[in-house]
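S.K.: Could you have a look at this structure, given as structure tokens, before my questions?
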Amino acid sequence: MNELSDIIRSMRLAQREFASFSQKKVDEIFKAAAMAANKMRISLAEMAVEETNMGVVEDKVIKNHYAAEYIYNAYKNTKTCGVVERDESFGTIKIAEPVGIVAAVIPTTNPTSTVIFKVLLCLKTRNAVIISPHPRAKKCVMETMKIIREAAEAAGAPKGIIECIEEPTIELTNELMKSVDLILATGGPGMVKSAYSSGKPALGVGSGNVPAIIDESADIKSAVNSIVHSKTFDNGLICASEQSILVPDSILGEVKSELMLCGCHILSDESAEAVRKIILKDGVLNSAIVGQSAEKIADMAGVTVPPDTKVLIGIVTDASSEEPFAHEKLSPVLALYKTKDFEDSLCKAERLIEDGGYGHTASIFLDTSKAADKLAAFAVRMKACRLVVNSPSSQGGIGDLYNFNLSPSLTLGCGSWGGNSISENVGVKHLLNIKTLAERRENMLWLRIPEKVYFKKGCLPVALRELKEEYKVDRVFVVTDSFLFKSGSIDVVTDRLHAMGISYKVYSDVEPDPSLSSVRAGAKSMENFSPDAIIAFGGGSAMDAAKIMWTLYEHPDIDFMNMAMRFSDIRKRIYSFPKMGEKSIFIAIPTSSGTGSEVTPFAVITDEESGIKYPLADYALMPTMAVVDTDMMMSQPKSLTAASGIDALTHALEAYASVMASDYTDGMALLAIKNIFEYLPVCYEDGSNAVAREKMANAATMAGIAFANAFLGLCHSMAHKLGAFHHLPHGVANALLITEVMKFNISKAPRKMATFSQYAYPHAIERYAECARFIGIEGSSDEELFDGLVKKIEELRANIGIYDNIRAYGIKEEDFMASLDAMTKQAFDDQCTGANPRYPLMNEIKELYLRLI
């Protein structure tokens, strides 16, 4: 053990040196080692057969050739040193590093080729490798190692980078596996289990018990010859070789005839029983038959077969582990199953895999065009990581011979089914640690608005003309509220539609806080009318309700709660809204200057059963056209003017402070803020002032565009719940909360900062100060500017008749306190919370609510 420790210590020094080598130098060493192994492929094959008494020299020559040539060819241009991948646009760099020292456990079945394969992988990846041979193959393994080591060192590899345990024992191998950084384990189930139990990362393989299904659609001559070619290769020592053939009764005679033409011997019942007795020994594979010729195995069983028999075939019915022929045999012995049909073949193949080859390989022969459905069923049903089609399984499974996109390998992962950590053919990527250097990158943003936005006093008739001239609309469904309908305000729309010869229907049952039930009723009415255009006429409630009606009309089976599902990033949400506009276009005509819903992808709907307000958001809800005509807003009462105006101000302030704010949204928000402070008091005092009304209309729409793209914040989250629980108008709820939330946001060291790549550090106070400067507030510091902005908001609130506490609106303290916990939790979960510059904890939201008393 001390000697092993000394070897490992020395190898670590050599590996550290090797880890500093350039790709060019590594590739020179890799090539030199591959060439040296390839040159000695014949003598090494002879040594392996002589020492192990297994396999066929000529086939082991092919294995050695494959391990050297195919592995070199597959990875000669692969980057394994330093930067292996770079993506400037996404700011990522991937850097390859070696894992360190690899223990290469070598089996007795394929000793020399496995050494070549594993050592070449280690050299290409700048890893040191220490080989642990099977005791019955140590001489040929040592010789292979020496040939490669001499060539590698001659090419510049550090001395001591390749070592071998000269006198292997189970104890020494176990100690080795605990001392290295990674184990490449090839061998029996016990050894592989030890590798996985060593406490170190291990890449092992499971047992192969490959079933080969021959379908009625197959080219039988090709199928049988492929199986025999595979099964006789190195006397069946490759774990991916076929162990059983499954054939439907309809073609069994033809398959048997072809097998005999290929030199296979189909055993009689008596002979099959004799062979059956020597396949297993004490319940496990009899090592005496492994890698032996068919004639020798028959002789061991006391069975006489014709000279030059290639494969012994036993006709069996039992696919369970009780049947010796159903096991992995690692020799030219096959089970032949007669099946009723393809389904029966699949069932038996499943059983064979589950009982002895879970995760390894399965094979099928069929016409891929005519029997595509069968191939698909095979792919779904087989619990195997390599599904080989119309190919010899031995050569097909190891890759790059019958499919050039399957990586060449002599270590075949079997996934979790086989108790392995990987499910693919082992290659250089499995011997590397890949470091990813990820630079900070800002997320892509956008500016999304309706197709057309008409604005200017008196623009409605011109905009509606588009319905007929451009959109070729014949039927319009108008959504409004009962007040606008009964007062005749809607006539300005319906009269114009009538004049243009467009049929229409009016739905006027929208409540101030639109409910899910009224929305569903409207959608049903919409479905009966079958419009090709929808007009939402009114305030935010009419537009919000109409958006969801539109969605339910276009997609009747849509689930509301799926639409209401929260998201962190609208571009990555789990639930995607369906495409809209297939049945109808959507026109939004606001009659108040506040919500901005005419240009936003948002809608707020209340579930009347739970009382919860759901803010829905998706760009599928964006109106096709918005018509912002001040003529529709001249009759707003003072209370609506105040509430909607302060709502618009809150939209602009929250959009400007949002973590998703951009230059595009900033411009809209700033001008909206300026206009609201200047013109909202005028509108409130003199509702007939057309200039002030138009400025407020434009401000509300600009604020809508800003928050449609930058989103809102905590004020709106809390206002939604305050309104839902205590029936407070939404604009009033915002007015009560906005300055408290702003004070909360300006902390330069908040307990939690919002997570968004554009938002580098807390700077809400700087953003609010910019708003203050833009509207003419003066101050010597950001703090003074912020205080001035808060004071101006509070003055505006007072001037337009909005109180500063909830008691003034008839909300009793005991009722408020009873709802506090529920409001807090729902506000935290509100869709608007995520874009707030300071990410709130629930107890912080509760504290903000308490300030309203």
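Every chain in the structure tokens takes a letter, A first, then B, and so on in the order presented; its residues are numbered from 1, and the ligands are numbered from 1 following the presented order.
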Could you please write out, as a PyMOL selection string, every residue of stretch 239-477 of chain A that DSSP assigns to helix (DSSP H, G or I)?

M.R.: chain A and resi 249-261+269-279+294-301+324-326+342-356+372-381+393-398+416-418+428-431+460-469

S.K.: Give me the residues near A:Lys277 as an NGL selection string, where near means some atom within 8 Å (using only C-alpha atoms) and where sequence neighbours in that chain fewer than 4 positions away do not count.

M.R.: :A and (273 or 301 or 324)

S.K.: Include N, CA, C and O atoms and write out the residues we just selected as a PDB file, in the first residue's frame.

M.R.:
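As a result, out-v9.pdb now contains:
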```pdb
ATOM      1  N   GLU A 273     -30.128 -29.244 -23.745  1.00  0.00           N
ATOM      2  CA  GLU A 273     -30.130 -29.473 -22.301  1.00  0.00           C
ATOM      3  C   GLU A 273     -28.706 -29.664 -21.788  1.00  0.00           C
ATOM      4  O   GLU A 273     -28.343 -29.171 -20.707  1.00  0.00           O
ATOM      5  N   ALA A 301     -19.697 -29.801 -23.302  1.00  0.00           N
ATOM      6  CA  ALA A 301     -21.041 -30.278 -22.951  1.00  0.00           C
ATOM      7  C   ALA A 301     -21.270 -31.714 -23.382  1.00  0.00           C
ATOM      8  O   ALA A 301     -22.344 -32.284 -23.106  1.00  0.00           O
ATOM      9  N   PRO A 324     -31.016 -20.730 -18.399  1.00  0.00           N
ATOM     10  CA  PRO A 324     -29.603 -20.380 -18.640  1.00  0.00           C
ATOM     11  C   PRO A 324     -29.363 -19.730 -19.991  1.00  0.00           C
ATOM     12  O   PRO A 324     -28.537 -18.823 -20.115  1.00  0.00           O
TER      13      PRO A 324
END
```

S.K.: Would you mind listing what lies within 9 Å of A:Ala724 as a VMD selection string, with only C-alpha atoms counted and same-chain residues fewer than 5 positions away left out?

M.R.: chain A and resid 513 606 611 to 613 719 730 823

S.K.: Generate a file of the selected residues that holds N, CA, C and O atoms, formatted as a short mmCIF file (atom, residue, chain, number, x, y, z; two decimals), in the first residue's frame.

M.R.:
```
data_model
loop_
_atom_site.label_atom_id
_atom_site.label_comp_id
_atom_site.auth_asym_id
_atom_site.auth_seq_id
_atom_site.Cartn_x
_atom_site.Cartn_y
_atom_site.Cartn_z
N ASP A 513 -65.31 46.22 -10.87
CA ASP A 513 -64.23 45.23 -10.75
C ASP A 513 -64.70 43.99 -11.48
O ASP A 513 -65.39 43.14 -10.90
N THR A 606 -61.44 39.63 -11.20
CA THR A 606 -61.70 39.17 -9.84
C THR A 606 -62.46 37.86 -9.85
O THR A 606 -63.47 37.72 -10.56
N GLY A 611 -62.74 36.10 -4.05
CA GLY A 611 -62.49 37.52 -3.85
C GLY A 611 -61.11 37.95 -4.29
O GLY A 611 -60.72 39.11 -4.12
N ILE A 612 -60.34 37.04 -4.87
CA ILE A 612 -58.96 37.36 -5.27
C ILE A 612 -58.95 38.07 -6.62
O ILE A 612 -59.64 37.67 -7.56
N LYS A 613 -58.18 39.15 -6.68
CA LYS A 613 -57.96 39.85 -7.95
C LYS A 613 -56.76 39.24 -8.64
O LYS A 613 -55.70 39.12 -8.06
N ALA A 719 -52.06 47.61 -3.94
CA ALA A 719 -53.32 48.27 -4.27
C ALA A 719 -54.35 47.27 -4.78
O ALA A 719 -55.55 47.38 -4.47
N HIS A 730 -59.35 51.52 -7.40
CA HIS A 730 -57.95 51.17 -7.63
C HIS A 730 -57.04 52.41 -7.59
O HIS A 730 -55.97 52.39 -6.98
N MET A 823 -54.01 39.83 2.77
CA MET A 823 -53.58 40.85 1.80
C MET A 823 -52.07 40.81 1.60
O MET A 823 -51.58 40.92 0.47
#
```

S.K.: Between A:Arg9, A:Ser43, A:Val316, A:Glu97, which residue has the minimum interatomic distance to A:Phe21, considering only C-alpha atoms?

M.R.: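 Of A:Arg9, A:Ser43, A:Val316, A:Glu97, the one nearest A:Phe21, counting only C-alpha atoms, is A:Glu97.
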
S.K.: Would you please work out which residue, of A:Ala661, A:Cys81, A:Leu484, A:Ile245, is nearest to A:Leu432 when using only C-alpha atoms?

M.R.: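 Using only C-alpha atoms, the shortest distance to A:Leu432 belongs to A:Cys81.
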
S.K.: Looking at A:Ile811, A:Ala669, A:Val682, A:Leu346, which one is nearest to A:Lys374, with distances taken over only C-alpha atoms?

M.R.: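 Once distances to A:Lys374 are computed over only C-alpha atoms, the minimum belongs to A:Leu346.
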
S.K.: For each of A:Asn805, A:Pro837, A:Lys792, A:Asp215, take the minimum atom-to-atom distance to A:Met753, counting only C-alpha atoms, then give the residue where this is smallest.

M.R.: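 The shortest atom-to-atom distance to A:Met753 comes from A:Pro837.
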
S.K.: Apply DSSP to the structure's backbone, then extract all residues of stretch 552-784 of chain A labelled strand (DSSP E or B) and return them as a ChimeraX atom specification.

M.R.: /A:585-590,602-607,612-617,625-628,753

S.K.: Could you tell me how far atom CA of A:Glu171 lies from atom CA of A:Ala104, in Å and to one decimal?

M.R.: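 Taking atom CA of A:Glu171 as the start and atom CA of A:Ala104 as the end point, the length is 15.5 Å.
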